[in-house]
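Data file: structure.cif. Format and content: mmCIF, C-alpha atoms and all ligand atoms.
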data_final
loop_
_atom_site.label_atom_id
_atom_site.label_comp_id
_atom_site.auth_asym_id
_atom_site.auth_seq_id
_atom_site.Cartn_x
_atom_site.Cartn_y
_atom_site.Cartn_z
CA MET A 1237 0.00 0.00 0.00
CA LYS A 1238 1.42 3.37 -1.02
CA LEU A 1239 0.64 6.21 1.36
CA SER A 1240 0.95 9.99 1.35
CA ALA A 1241 3.04 11.82 3.94
CA PHE A 1242 -0.17 12.18 6.00
CA GLY A 1243 -0.92 8.47 5.60
CA GLN A 1244 2.58 7.52 6.59
CA LYS A 1245 2.72 9.79 9.61
CA PHE A 1246 -0.58 8.63 11.03
CA THR A 1247 0.07 4.92 10.49
CA ALA A 1248 3.65 4.93 11.79
CA ASP A 1249 4.21 3.46 15.20
CA ALA A 1250 2.92 6.32 17.29
CA GLY A 1251 3.54 6.17 21.02
CA ILE A 1252 -0.15 6.21 21.83
CA THR A 1253 -0.94 3.48 19.28
CA SER A 1254 1.65 1.06 20.57
CA LEU A 1255 0.66 1.84 24.13
CA MET A 1256 -3.05 1.27 23.45
CA ASP A 1257 -2.25 -1.90 21.48
CA ASP A 1258 -0.12 -3.24 24.26
CA LEU A 1259 -2.74 -2.48 26.90
CA GLY A 1260 -5.53 -3.82 24.67
CA ASN A 1261 -3.69 -7.06 23.86
CA ALA A 1262 -2.78 -7.61 27.48
CA MET A 1263 -6.42 -7.13 28.46
CA ALA A 1264 -7.66 -9.43 25.70
CA SER A 1265 -5.26 -12.20 26.75
CA GLY A 1266 -7.92 -13.21 29.27
CA ASP A 1267 -5.44 -13.33 32.16
CA ASP A 1268 -6.62 -11.86 35.39
CA LEU A 1269 -4.72 -8.61 34.98
CA ILE A 1270 -4.91 -5.66 37.33
CA MET A 1271 -5.63 -2.75 35.01
CA MET A 1272 -3.92 0.40 36.23
CA GLY A 1273 -2.83 1.55 32.82
CA GLY A 1274 -5.61 3.36 31.00
CA GLY A 1275 -7.48 6.57 31.63
CA ASN A 1276 -10.95 5.08 31.94
CA PRO A 1277 -13.01 6.82 34.58
CA GLY A 1278 -14.51 4.86 37.46
CA HIS A 1279 -18.20 4.02 37.57
CA ILE A 1280 -20.03 6.21 40.05
CA PRO A 1281 -23.46 4.66 40.76
CA GLU A 1282 -25.23 7.99 41.46
CA ILE A 1283 -24.01 9.48 38.17
CA GLN A 1284 -25.09 6.41 36.25
CA GLN A 1285 -28.51 6.53 37.90
CA ARG A 1286 -28.98 10.21 37.03
CA VAL A 1287 -27.98 9.57 33.40
CA ARG A 1288 -30.39 6.62 33.25
CA GLU A 1289 -33.26 8.85 34.46
CA ILE A 1290 -32.52 11.42 31.77
CA LEU A 1291 -32.25 8.73 29.10
CA VAL A 1292 -35.62 7.29 30.12
CA GLN A 1293 -37.20 10.75 29.94
CA LEU A 1294 -35.73 11.42 26.51
CA SER A 1295 -36.87 8.07 25.21
CA GLN A 1296 -40.47 8.80 26.23
CA SER A 1297 -40.80 11.87 24.04
CA ASP A 1298 -41.11 11.49 20.27
CA ALA A 1299 -39.61 14.93 19.69
CA ASP A 1300 -36.62 14.22 21.95
CA MET A 1301 -36.06 10.81 20.35
CA ARG A 1302 -35.94 12.47 16.95
CA ARG A 1303 -33.34 14.95 18.19
CA LEU A 1304 -31.39 12.22 19.95
CA VAL A 1305 -30.85 9.94 16.98
CA GLY A 1306 -32.64 11.36 13.95
CA VAL A 1307 -31.18 14.82 13.26
CA TYR A 1308 -27.74 16.11 12.23
CA ASP A 1309 -26.66 18.91 14.54
CA PRO A 1310 -24.93 21.97 13.09
CA PRO A 1311 -21.13 21.55 12.94
CA GLN A 1312 -20.74 23.78 15.99
CA GLY A 1313 -22.74 21.27 18.04
CA GLU A 1314 -26.13 20.78 19.69
CA LYS A 1315 -27.70 24.22 20.07
CA GLN A 1316 -29.72 23.77 23.27
CA PHE A 1317 -26.76 22.35 25.17
CA ILE A 1318 -24.51 25.16 23.97
CA SER A 1319 -26.96 27.87 24.95
CA ALA A 1320 -27.59 26.26 28.38
CA LEU A 1321 -23.83 26.06 28.98
CA ALA A 1322 -23.22 29.67 27.95
CA GLU A 1323 -25.99 30.73 30.34
CA LEU A 1324 -24.55 28.64 33.21
CA LEU A 1325 -21.02 29.99 32.75
CA ARG A 1326 -22.25 33.59 32.57
CA ARG A 1327 -24.41 33.12 35.66
CA GLU A 1328 -21.89 31.23 37.81
CA TYR A 1329 -18.59 32.84 36.83
CA GLY A 1330 -19.54 36.07 35.10
CA TRP A 1331 -17.71 34.98 31.94
CA ASP A 1332 -18.49 37.31 29.07
CA LEU A 1333 -19.61 34.73 26.52
CA THR A 1334 -22.50 33.64 24.32
CA SER A 1335 -23.33 30.58 22.24
CA GLU A 1336 -20.82 31.91 19.69
CA ASN A 1337 -18.03 31.07 22.12
CA ILE A 1338 -18.76 27.35 22.46
CA ALA A 1339 -18.32 24.40 20.10
CA LEU A 1340 -18.76 20.68 20.67
CA THR A 1341 -16.50 17.98 19.26
CA ASN A 1342 -16.54 14.20 19.22
CA GLY A 1343 -14.49 13.93 22.40
CA SER A 1344 -11.96 16.55 23.41
CA GLN A 1345 -9.22 14.46 21.77
CA ALA A 1346 -10.68 15.51 18.40
CA ALA A 1347 -10.65 19.15 19.52
CA PHE A 1348 -6.93 18.94 20.27
CA PHE A 1349 -6.20 17.53 16.83
CA MET A 1350 -8.04 20.43 15.20
CA LEU A 1351 -6.64 23.14 17.49
CA PHE A 1352 -3.02 22.00 17.34
CA ASN A 1353 -3.11 21.94 13.56
CA MET A 1354 -5.00 25.25 13.37
CA PHE A 1355 -2.32 27.04 15.37
CA GLY A 1356 0.79 24.90 14.82
CA GLY A 1357 2.54 23.81 11.63
CA ASP A 1358 3.15 25.44 8.27
CA TYR A 1359 2.09 29.12 7.95
CA GLY A 1360 3.55 29.52 4.44
CA ASN A 1361 6.64 31.51 3.37
CA GLY A 1362 8.85 29.12 5.32
CA VAL A 1363 7.24 29.94 8.68
CA HIS A 1364 6.61 26.93 10.93
CA LYS A 1365 5.04 27.38 14.30
CA HIS A 1366 5.11 25.00 17.24
CA ILE A 1367 2.79 24.30 20.14
CA LEU A 1368 4.54 25.07 23.41
CA LEU A 1369 4.04 22.65 26.29
CA PRO A 1370 5.45 24.71 29.17
CA LEU A 1371 5.46 21.88 31.70
CA ALA A 1372 6.73 18.40 30.83
CA PRO A 1373 5.64 15.68 31.58
CA GLU A 1374 2.41 16.16 29.64
CA TYR A 1375 -0.45 14.09 28.16
CA ILE A 1376 0.73 11.45 25.69
CA GLY A 1377 -2.43 11.95 23.62
CA TYR A 1378 -0.97 15.20 22.25
CA ALA A 1379 2.27 13.61 21.08
CA ASP A 1380 1.30 12.43 17.61
CA ALA A 1381 -1.53 14.87 16.87
CA GLY A 1382 0.50 17.11 14.56
CA ILE A 1383 0.11 16.80 10.79
CA ASP A 1384 3.63 18.26 10.62
CA ALA A 1385 6.45 16.49 12.43
CA ASP A 1386 7.99 18.07 15.52
CA LEU A 1387 4.96 20.15 16.36
CA PHE A 1388 5.66 20.34 20.08
CA HIS A 1389 8.30 22.12 22.14
CA ALA A 1390 8.26 21.11 25.78
CA VAL A 1391 10.05 22.55 28.78
CA GLN A 1392 11.69 20.62 31.61
CA PRO A 1393 10.06 21.45 34.98
CA ASP A 1394 11.46 22.69 38.26
CA ILE A 1395 11.17 20.00 40.91
CA SER A 1396 10.45 20.87 44.52
CA PHE A 1397 10.06 18.43 47.40
CA THR A 1398 6.82 18.96 49.29
CA ASP A 1399 7.12 16.12 51.84
CA ALA A 1400 9.41 13.20 52.75
CA HIS A 1401 8.09 11.14 49.84
CA GLU A 1402 6.30 13.81 47.82
CA PHE A 1403 7.42 16.21 45.10
CA LYS A 1404 5.81 18.71 42.74
CA TYR A 1405 6.64 19.96 39.28
CA ARG A 1406 6.47 23.69 38.69
CA ILE A 1407 6.84 25.66 35.50
CA ASP A 1408 10.40 26.91 35.03
CA PHE A 1409 9.47 30.32 33.64
CA ASP A 1410 13.15 31.18 33.04
CA ALA A 1411 13.23 28.36 30.48
CA VAL A 1412 9.84 29.05 28.85
CA GLU A 1413 10.40 30.87 25.56
CA VAL A 1414 7.40 32.23 23.69
CA THR A 1415 8.59 33.53 20.34
CA GLY A 1416 7.20 34.50 16.95
CA GLU A 1417 7.39 30.79 16.14
CA THR A 1418 5.05 29.77 18.93
CA GLY A 1419 1.54 29.16 17.59
CA ALA A 1420 -0.14 28.39 20.93
CA ILE A 1421 0.67 27.37 24.50
CA CYS A 1422 -1.05 24.27 25.90
CA VAL A 1423 -1.26 22.83 29.39
CA SER A 1424 -3.48 20.17 30.96
CA ARG A 1425 -4.91 21.17 34.35
CA PRO A 1426 -4.99 18.77 36.23
CA THR A 1427 -2.16 17.18 34.29
CA ASN A 1428 -2.30 13.69 32.91
CA PRO A 1429 0.00 11.85 33.87
CA THR A 1430 1.11 13.52 37.12
CA GLY A 1431 -2.02 14.74 38.88
CA ASN A 1432 -0.32 18.14 39.08
CA VAL A 1433 -2.49 21.25 39.07
CA ILE A 1434 -0.66 24.34 37.90
CA THR A 1435 -1.44 27.17 40.30
CA ASP A 1436 -3.69 30.15 39.52
CA ASP A 1437 -0.54 32.23 39.52
CA GLU A 1438 1.25 29.97 37.01
CA LEU A 1439 -1.86 30.08 34.82
CA ALA A 1440 -1.95 33.88 34.98
CA GLN A 1441 1.74 34.05 34.01
CA LEU A 1442 1.13 31.77 31.02
CA GLU A 1443 -1.80 33.95 30.00
CA THR A 1444 0.44 37.03 30.12
CA LEU A 1445 3.01 35.31 27.89
CA ALA A 1446 0.27 34.31 25.44
CA ARG A 1447 -1.22 37.80 25.42
CA ARG A 1448 2.14 39.39 24.71
CA GLN A 1449 2.56 37.28 21.57
CA ASN A 1450 -1.17 37.41 20.77
CA ILE A 1451 -1.49 33.62 20.69
CA PRO A 1452 -4.01 31.41 22.50
CA LEU A 1453 -3.41 29.65 25.78
CA ILE A 1454 -5.08 26.24 25.45
CA VAL A 1455 -6.14 24.90 28.85
CA ASP A 1456 -7.07 21.22 28.82
CA GLY A 1457 -9.64 20.86 31.57
CA ALA A 1458 -10.60 17.24 30.81
CA TYR A 1459 -10.29 16.54 34.58
CA GLY A 1460 -10.63 20.09 35.74
CA THR A 1461 -12.81 23.00 36.50
CA PRO A 1462 -15.67 23.91 36.35
CA PHE A 1463 -16.48 20.24 35.68
CA PRO A 1464 -15.84 17.29 36.17
CA SER A 1465 -13.71 18.65 39.03
CA LEU A 1466 -11.30 15.79 39.77
CA LEU A 1467 -9.48 18.41 41.82
CA PHE A 1468 -8.12 18.06 45.35
CA THR A 1469 -6.69 21.54 45.58
CA ASP A 1470 -8.04 25.00 44.84
CA ALA A 1471 -8.05 26.00 41.18
CA LYS A 1472 -10.02 29.01 40.01
CA PRO A 1473 -12.19 28.39 36.92
CA THR A 1474 -10.72 30.84 34.42
CA TRP A 1475 -11.69 31.88 30.92
CA ASN A 1476 -11.35 34.96 28.75
CA GLU A 1477 -10.81 35.44 25.03
CA GLN A 1478 -7.06 34.73 25.30
CA ILE A 1479 -7.85 31.25 26.61
CA ILE A 1480 -9.18 28.23 24.75
CA LEU A 1481 -10.70 26.10 27.48
CA CYS A 1482 -11.29 22.48 26.47
CA LEU A 1483 -13.65 20.46 28.62
CA SER A 1484 -15.06 16.96 28.28
CA LEU A 1485 -17.94 14.87 29.57
CA SER A 1486 -15.70 11.77 29.63
CA LYS A 1487 -14.30 11.90 33.15
CA LEU A 1488 -17.69 12.82 34.55
CA GLY A 1489 -18.56 9.24 33.59
CA LEU A 1490 -19.58 9.49 29.93
CA PRO A 1491 -16.46 8.54 27.92
CA ALA A 1492 -18.48 6.54 25.41
CA ALA A 1493 -20.68 9.54 24.58
CA ARG A 1494 -17.57 11.21 23.06
CA THR A 1495 -18.40 14.80 23.91
CA GLY A 1496 -15.74 17.48 24.00
CA ILE A 1497 -16.47 21.15 24.68
CA VAL A 1498 -14.36 24.07 23.45
CA ILE A 1499 -14.82 27.55 24.91
CA ALA A 1500 -12.97 30.22 22.95
CA ALA A 1501 -13.11 33.53 21.09
CA ALA A 1502 -15.85 33.50 18.42
CA PRO A 1503 -13.47 33.36 15.40
CA THR A 1504 -11.78 30.26 16.86
CA ILE A 1505 -15.17 28.61 17.35
CA LYS A 1506 -16.18 29.45 13.79
CA ALA A 1507 -12.95 27.96 12.45
CA LEU A 1508 -13.37 24.83 14.55
CA ALA A 1509 -16.94 24.39 13.30
CA SER A 1510 -15.67 24.57 9.70
CA ILE A 1511 -13.01 21.93 10.28
CA ASN A 1512 -15.52 19.83 12.19
CA ALA A 1513 -17.94 19.98 9.24
CA ILE A 1514 -15.25 18.65 6.91
CA MET A 1515 -14.02 15.95 9.26
CA ASN A 1516 -17.27 14.86 10.86
CA LEU A 1517 -20.17 16.64 9.15
CA ALA A 1518 -21.67 17.06 12.61
CA THR A 1519 -20.85 16.27 16.22
CA GLY A 1520 -22.87 13.49 17.85
CA SER A 1521 -25.82 14.79 19.87
CA PHE A 1522 -25.98 12.02 22.41
CA GLY A 1523 -23.68 13.36 25.14
CA ALA A 1524 -24.97 16.91 24.75
CA MET A 1525 -28.60 15.80 25.10
CA LEU A 1526 -27.87 13.58 28.09
CA ALA A 1527 -26.02 16.37 29.88
CA GLU A 1528 -28.27 19.28 28.87
CA PRO A 1529 -30.68 19.01 31.84
CA LEU A 1530 -27.67 18.86 34.19
CA VAL A 1531 -26.22 21.99 32.61
CA ARG A 1532 -29.52 23.88 32.48
CA SER A 1533 -30.11 23.32 36.21
CA GLY A 1534 -26.47 23.75 37.23
CA GLU A 1535 -26.55 20.20 38.64
CA ILE A 1536 -23.42 19.38 36.62
CA LEU A 1537 -21.47 21.62 39.00
CA THR A 1538 -22.94 20.16 42.20
CA LEU A 1539 -22.54 16.57 40.96
CA SER A 1540 -18.92 17.33 40.11
CA ARG A 1541 -18.22 18.96 43.45
CA ASP A 1542 -20.24 16.68 45.74
CA LEU A 1543 -19.90 13.29 44.04
CA VAL A 1544 -17.16 13.08 41.44
CA CYS A 1545 -14.50 15.00 43.34
CA PRO A 1546 -14.94 13.13 46.67
CA PHE A 1547 -15.10 9.77 44.81
CA TYR A 1548 -11.65 10.29 43.29
CA LYS A 1549 -10.19 12.05 46.31
CA ALA A 1550 -11.04 9.05 48.54
CA LYS A 1551 -9.51 6.70 45.96
CA MET A 1552 -6.38 8.82 45.79
CA GLN A 1553 -6.01 8.87 49.57
CA ARG A 1554 -6.43 5.09 49.80
CA ALA A 1555 -3.92 4.54 47.00
CA VAL A 1556 -1.32 6.83 48.61
CA ALA A 1557 -1.79 5.13 51.99
CA VAL A 1558 -1.40 1.62 50.53
CA PHE A 1559 1.67 2.47 48.46
CA SER A 1560 3.34 4.40 51.29
CA GLY A 1561 2.74 1.46 53.65
CA ALA A 1562 4.10 -1.04 51.15
CA MET A 1563 7.25 1.05 50.53
CA ALA A 1564 7.95 1.74 54.22
CA ASP A 1565 10.96 -0.63 54.27
CA ALA A 1566 12.15 0.13 50.72
CA PRO A 1567 15.93 0.29 50.27
CA CYS A 1568 15.64 3.17 47.79
CA HIS A 1569 14.42 6.73 47.40
CA TRP A 1570 10.85 6.95 46.17
CA TYR A 1571 8.41 9.78 45.63
CA ILE A 1572 4.80 10.34 44.64
CA HIS A 1573 3.97 13.53 42.75
CA LYS A 1574 1.70 15.64 44.98
CA PRO A 1575 -1.67 14.23 43.93
CA GLU A 1576 -3.72 17.36 43.32
CA GLY A 1577 -6.18 16.01 40.77
CA ALA A 1578 -7.08 13.59 37.94
CA MET A 1579 -6.92 9.84 38.61
CA PHE A 1580 -3.22 8.93 38.57
CA LEU A 1581 -0.33 8.47 40.95
CA TRP A 1582 2.93 9.47 39.30
CA LEU A 1583 5.69 7.49 40.99
CA TRP A 1584 9.34 8.52 40.80
CA PHE A 1585 12.22 6.21 41.71
CA PRO A 1586 15.44 8.26 41.46
CA ASP A 1587 18.41 6.19 40.19
CA LEU A 1588 16.14 3.29 39.25
CA PRO A 1589 18.64 0.57 38.15
CA ILE A 1590 16.47 -0.42 35.15
CA THR A 1591 14.38 1.76 32.85
CA SER A 1592 10.74 2.46 33.61
CA LEU A 1593 9.88 0.52 30.44
CA GLU A 1594 11.67 -2.54 31.83
CA LEU A 1595 9.89 -2.06 35.13
CA TYR A 1596 6.59 -1.86 33.24
CA GLN A 1597 7.43 -5.17 31.49
CA ARG A 1598 8.30 -6.89 34.76
CA LEU A 1599 5.03 -5.67 36.26
CA LYS A 1600 3.07 -6.92 33.27
CA LEU A 1601 4.57 -10.39 33.83
CA ARG A 1602 3.25 -10.15 37.39
CA GLY A 1603 -0.22 -9.28 36.13
CA VAL A 1604 -0.17 -5.52 36.81
CA LEU A 1605 -0.60 -3.07 33.96
CA VAL A 1606 0.73 0.44 34.45
CA VAL A 1607 2.23 2.93 31.97
CA SER A 1608 5.94 3.61 31.70
CA GLY A 1609 6.61 7.29 32.34
CA HIS A 1610 8.92 7.79 29.36
CA TYR A 1611 5.93 8.21 27.03
CA PHE A 1612 4.89 11.46 28.67
CA PHE A 1613 7.59 13.82 27.49
CA PRO A 1614 6.41 14.80 24.00
CA GLY A 1615 8.40 17.68 22.57
CA LEU A 1616 11.22 17.52 25.11
CA PRO A 1617 14.58 17.20 23.33
CA GLU A 1618 16.69 14.12 24.10
CA ASP A 1619 19.05 15.58 26.67
CA GLY A 1620 20.12 12.60 28.76
CA TRP A 1621 17.73 13.55 31.57
CA ASN A 1622 17.43 10.24 33.47
CA HIS A 1623 14.27 11.37 35.23
CA ARG A 1624 12.12 10.47 32.24
CA ASP A 1625 13.08 6.79 32.58
CA GLU A 1626 12.48 6.70 36.34
CA CYS A 1627 8.71 7.24 36.58
CA LEU A 1628 5.51 5.22 36.30
CA ARG A 1629 1.91 6.34 35.85
CA VAL A 1630 -0.56 4.33 37.90
CA THR A 1631 -4.32 4.77 37.47
CA TYR A 1632 -6.39 4.41 40.65
CA SER A 1633 -9.89 4.87 39.18
CA GLN A 1634 -10.90 1.20 39.32
CA ASP A 1635 -11.89 -1.17 42.16
CA ASP A 1636 -10.07 -0.27 45.42
CA GLU A 1637 -9.09 -3.84 46.35
CA ARG A 1638 -7.54 -4.47 42.95
CA VAL A 1639 -5.76 -1.12 43.00
CA ALA A 1640 -4.37 -1.92 46.46
CA GLU A 1641 -3.19 -5.34 45.29
CA GLY A 1642 -1.56 -3.77 42.24
CA LEU A 1643 0.22 -1.14 44.34
CA ARG A 1644 1.59 -3.83 46.69
CA ILE A 1645 2.96 -5.75 43.71
CA ILE A 1646 4.56 -2.58 42.33
CA ALA A 1647 6.25 -1.99 45.69
CA GLU A 1648 7.48 -5.62 45.83
CA GLU A 1649 8.87 -5.44 42.32
CA VAL A 1650 10.63 -2.12 42.87
CA LYS A 1651 12.27 -3.49 46.02
CA ALA A 1652 13.29 -6.64 44.12
CA VAL A 1653 14.93 -4.51 41.42
CA TRP A 1654 17.09 -2.82 44.05
CA VAL A 1655 18.00 -6.10 45.75
CA GLU A 1656 19.14 -7.50 42.40
CA ALA A 1657 21.16 -4.39 41.50
N1 LIG B 1701 -7.01 15.45 27.80
C1 LIG B 1701 -6.48 14.66 28.74
C2 LIG B 1701 -5.48 15.26 29.69
C3 LIG B 1701 -6.85 13.31 28.83
O1 LIG B 1701 -6.31 12.53 29.77
C4 LIG B 1701 -7.81 12.81 27.90
C5 LIG B 1701 -8.22 11.39 27.95
O2 LIG B 1701 -7.79 10.59 28.72
C6 LIG B 1701 -8.31 13.67 26.93
C7 LIG B 1701 -7.90 15.00 26.92
C8 LIG B 1701 -9.29 13.22 25.90
O3 LIG B 1701 -10.49 12.83 26.45
P1 LIG B 1701 -11.86 12.74 25.59
O4 LIG B 1701 -11.50 12.66 24.13
O5 LIG B 1701 -12.51 11.49 26.08
O6 LIG B 1701 -12.64 13.99 25.90
#
Could I get this file's structure written as C-alpha cells?
Amino acid sequence: MKLSAFGQKFTADAGITSLMDDLGNAMASGDDLIMMGGGNPGHIPEIQQRVREILVQLSQSDADMRRLVGVYDPPQGEKQFISALAELLRREYGWDLTSENIALTNGSQAAFFMLFNMFGGDYGNGVHKHILLPLAPEYIGYADAGIDADLFHAVQPDISFTDAHEFKYRIDFDAVEVTGETGAICVSRPTNPTGNVITDDELAQLETLARRQNIPLIVDGAYGTPFPSLLFTDAKPTWNEQIILCLSLSKLGLPAARTGIVIAAAPTIKALASINAIMNLATGSFGAMLAEPLVRSGEILTLSRDLVCPFYKAKMQRAVAVFSGAMADAPCHWYIHKPEGAMFLWLWFPDLPITSLELYQRLKLRGVLVVSGHYFFPGLPEDGWNHRDECLRVTYSQDDERVAEGLRIIAEEVKAVWVEA
C-alpha cells in the first residue's frame, strides 16, 4: 500500500498506538490482569442513575427521540446544550460569553487535533510554528496529533520536594520561551500523567506570555474546572478570550458519549466548526442531550463537586496510603507527585537501576498493567535527563481492592529490582 506523507505519519508506530495496542492485547489475553494503565473513569453509581433517568425521559418523548438519533446537529454542536452552557457559565462565573463562544467535538481528543493543527505547523513563506508545552511531563495523547512532524516544544520542569516522599513539578518560567514561532501554548490542568495542578498564579503568568505574543493559551480541563472537578486543591475556573478552554464529559462518567467542549473567542469557534464539518459533518448529539438538563439546572457543578471530586479524592487517599505502607521498608528513594487532581499516581524512583519501560514489562509479567513514564515527554529534546526513565503512571480509578493489590505488587517489584542491583 502506497501512502501519502499524512498516511505515513498517522500509520507509523505512534507512542499512543503502541501503548493502546499493548494495553488492549494484554487485556484481551484473558489473564486476570490488574488494570492500572488506562485513563478510563470509574463508575459512580449515582451518576449512572442520574444519566439513566434522563435517558428514560428522553426516550419517552417522540420529539426528543428524533433529536437524539434522527437529526444532524450543526457543525458547531447541539444548540440547546450550547446555549444552556453559555448561560450557566455567565451566571456562575460572570464569563463574558454567548453561544458563539462554544463548540462541541466528538471527544476533546478531536478538539486537540483540530486546534493543534490550526495554530501549529506550516504558515507559508517558510514559517513553521510549534505548540509550546510549558510543563513536561504532559499528556501522551498530544504527542502524535501534529500533521507536521515536531509540532511540540516542551520545557523541563522545576522539581520541589513537598514532603518526605512527595514532590511537585512547577513551570520553570526562566526556560519558557514564547517567540514568533510559537503558535499556541497548551497545558493540561490537572495534568495527565502527574495529577499536578498548575497554580492560579502559574496560569496567569502563562496567559500574560500568550497575550504578549497574541497567541491562544489552550487549557485542557478534561479533569478540571468547572467540571468534572477531579481536583483536590483550589483551582479558580478561568476563561477569557485569550484562553481556549477544552472540557469533556468523559471523566464525569460518559467517555463513550464522546463529547468534548471548546470555549474560545468567536473566530476560533467558527474555524473549529468549519473543520468539524469537513471531518465529521456534525458532532454526535448524544452526550450533549444527556447532559443538557444537568447543565440547564447547574446540577453538573454540584454533581462534580459533591460526588465526582470526593469519589476520586477518597480513591487517591487510599492509593497513597497503601503504596506508602508497602514502601515503608524500601531500600531506595521513592516519591509520589503531589496528587492534586485527575486519577493517577505518578511514581518517581530516582536512580532506578532499570528503565521504567523494563519495570513496566516486569510488572506486566506479574499481572499488573501500568504505563511507563517515558511516554509522557512529547516535545522535550533528548538531553540525557534520566528522570524520564524513572517514573511510572498508575491509574487508581478502578476497584479499590484491585488497586491496592496492584500497588503492593509494584512496591514488591521495585524493592526486588534494588535487591538485584
Ligand atoms: N485530555 C487529557 C489530559 C486526557 O487525559 C484525555 C483522555 O484521557 C483527553 C484529553 C481526551 O479525552 P476525551 O477525548 O474522552 O474527551
(request) State, in Å with one decimal place, the distance from atom CA of Asp1636 of chain A to atom CA of Trp1570 of chain A. (result) 22.1 Å
(request) Could the residues that lie within 9 Å of ligand LIG 1701 (chain B), counting all atoms listed in the file, be listed as number ranges by chain? (result) A: 1274-1277, 1341-1348, 1374-1378, 1423-1429, 1456-1459, 1482-1487, 1490-1497, 1578
Sorted by chain and rising residue number, list the residues of segment 1497-1575 of chain A at most 8 Å from segment 1400-1417 of chain A (counting all atoms listed in the file), each with its closest atom pair and distance in Å to one decimal, as a Markdown table.
| residue | atom | partner | partner_atom | distance |
| --- | --- | --- | --- | --- |
| A:Trp1570 | CA | A:His1401 | CA | 6.2 |
| A:Tyr1571 | CA | A:His1401 | CA | 4.4 |
| A:Ile1572 | CA | A:Glu1402 | CA | 4.9 |
| A:His1573 | CA | A:Phe1403 | CA | 5.0 |
| A:Lys1574 | CA | A:Lys1404 | CA | 5.6 |
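Distance-wise, atom CA of Ala1320 of chain A and atom CA of Met1579 of chain A end up 28.3 Å apart.
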(request) Name the residues in contact with Gly1534 of chain A at a cut-off of 10 Å, using only C-alpha atoms, excluding same-chain residues fewer than 5 positions from it; report them as an MDAnalysis selection string. (result) chainID A and resid 1320:1321 1323:1325 1327:1328 1528:1529 1539
(request) Using atom CA of Ala1647 of chain A and atom CA of Asp1394 of chain A as the two end points, give the distance in Å to one decimal. (result) 26.3 Å
(message) Can you tell me which residues surround Ala1385 of chain A at a distance of at most 9 Å, considering only C-alpha atoms, apart from same-chain residues fewer than 5 positions away, and format the answer as an NGL selection string?
(response) :A and (1245 or 1357 or 1380)
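Nearest residue to Val1531 of chain A among A:Gln1316, A:Thr1474, A:Gln1392, A:Thr1591 is A:Gln1316, counting only C-alpha atoms.
Residues in contact with Asp1625 of chain A at up to 10 Å, not including ones fewer than 2 positions away on its chain and judged by all atoms listed in the file, are Trp1584, Phe1585, Pro1586, Asp1587, Leu1588, Ile1590, Thr1591, Ser1592, Leu1593, Glu1594, Leu1595, Ser1608, Gly1609, His1610, Tyr1611, Gly1620, Trp1621, Asn1622, His1623, Cys1627 and Leu1628 of chain A.
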(request) Identify which of the residues A:Arg1541, A:Arg1598, A:Arg1286, A:Arg1629 lies closest to Leu1583 of chain A, counting only C-alpha atoms when measuring atom-to-atom distances. (result) A:Arg1629
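Each of A:Asp1384, A:Phe1463, A:Gly1278, A:Glu1626 was compared to Tyr1596 of chain A using only C-alpha atoms, and A:Glu1626 turns out to be the nearest.
Excluding Gly1313 of chain A itself and any same-chain residue fewer than 6 positions from it, the protein and nucleic acid residues within 8 Å of it, counting all atoms listed in the file, are Ala1339, Leu1340, Thr1341, Ala1518, Thr1519, Gly1520 and Ser1521 of chain A.
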Using C-alpha atoms, can you export the residues from the last selection as a PDB file, in the coordinates of the input?
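What follows is the written file out_39.pdb:
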ATOM      1  CA  ALA A1339     -18.320  24.400  20.100  1.00  0.00           C
ATOM      2  CA  LEU A1340     -18.760  20.680  20.670  1.00  0.00           C
ATOM      3  CA  THR A1341     -16.500  17.980  19.260  1.00  0.00           C
ATOM      4  CA  ALA A1518     -21.670  17.060  12.610  1.00  0.00           C
ATOM      5  CA  THR A1519     -20.850  16.270  16.220  1.00  0.00           C
ATOM      6  CA  GLY A1520     -22.870  13.490  17.850  1.00  0.00           C
ATOM      7  CA  SER A1521     -25.820  14.790  19.870  1.00  0.00           C
TER       8      SER A1521
END
So that I can check the surroundings of Val1650 of chain A, please list as a tab-separated table (two decimals) with C-alpha atoms, in the frame of the given file every protein, DNA and RNA residue that reaches within 9 Å of it, counting only C-alpha atoms and ignoring chain neighbours fewer than 2 positions away.
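around-v8.tsv, freshly written:
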chain	number	residue	atom	x	y	z
A	1563	MET	CA	7.25	1.05	50.53
A	1566	ALA	CA	12.15	0.13	50.72
A	1568	CYS	CA	15.64	3.17	47.79
A	1585	PHE	CA	12.22	6.21	41.71
A	1588	LEU	CA	16.14	3.29	39.25
A	1595	LEU	CA	9.89	-2.06	35.13
A	1645	ILE	CA	2.96	-5.75	43.71
A	1646	ILE	CA	4.56	-2.58	42.33
A	1647	ALA	CA	6.25	-1.99	45.69
A	1648	GLU	CA	7.48	-5.62	45.83
A	1652	ALA	CA	13.29	-6.64	44.12
A	1653	VAL	CA	14.93	-4.51	41.42
A	1654	TRP	CA	17.09	-2.82	44.05
A	1655	VAL	CA	18.00	-6.10	45.75
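With distances taken from (-21.0, 20.6, 10.4) and restricted to only C-alpha atoms, the residues inside 9 Å are Tyr1308, Asp1309, Pro1310, Pro1311, Gln1312, Gly1313, Ala1509, Ser1510, Ile1511, Asn1512, Ala1513, Ile1514, Met1515, Asn1516, Leu1517, Ala1518 and Thr1519 of chain A.
Candidate residues A:Gln1597, A:Trp1582, A:Ala1555, A:Glu1438 were compared for distance to Leu1643 of chain A, and the nearest is A:Ala1555, using all atoms listed in the file.
Using only C-alpha atoms, the shortest contact distance between Ala1372 of chain A and any of A:Ile1454, A:Ile1434, A:Ile1338, A:Val1544 is found at A:Ile1434.
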Please define a box with edges along x, y and z of the file around all atoms of segment 1244-1248 of chain A given in the file, extend it by 8 Å on each side, and return its centre and edge lengths in Å to one decimal, as JSON.
{"center_x": 1.5, "center_y": 7.4, "center_z": 9.2, "size_x": 20.2, "size_y": 20.9, "size_z": 21.2}
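Among the candidate residues A:Phe1246, A:Phe1559, A:Phe1349, A:Phe1317, the one lying nearest to Ala1527 of chain A is A:Phe1317, with distances computed using only C-alpha atoms.
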(request) For a cut-off of 12 Å around (4.3, 23.9, 14.0), file coordinates, pick out all residues using all atoms listed in the file and list them as a ChimeraX atom specification. (result) /A:1351-1360,1362-1368,1381-1389,1416-1421,1615
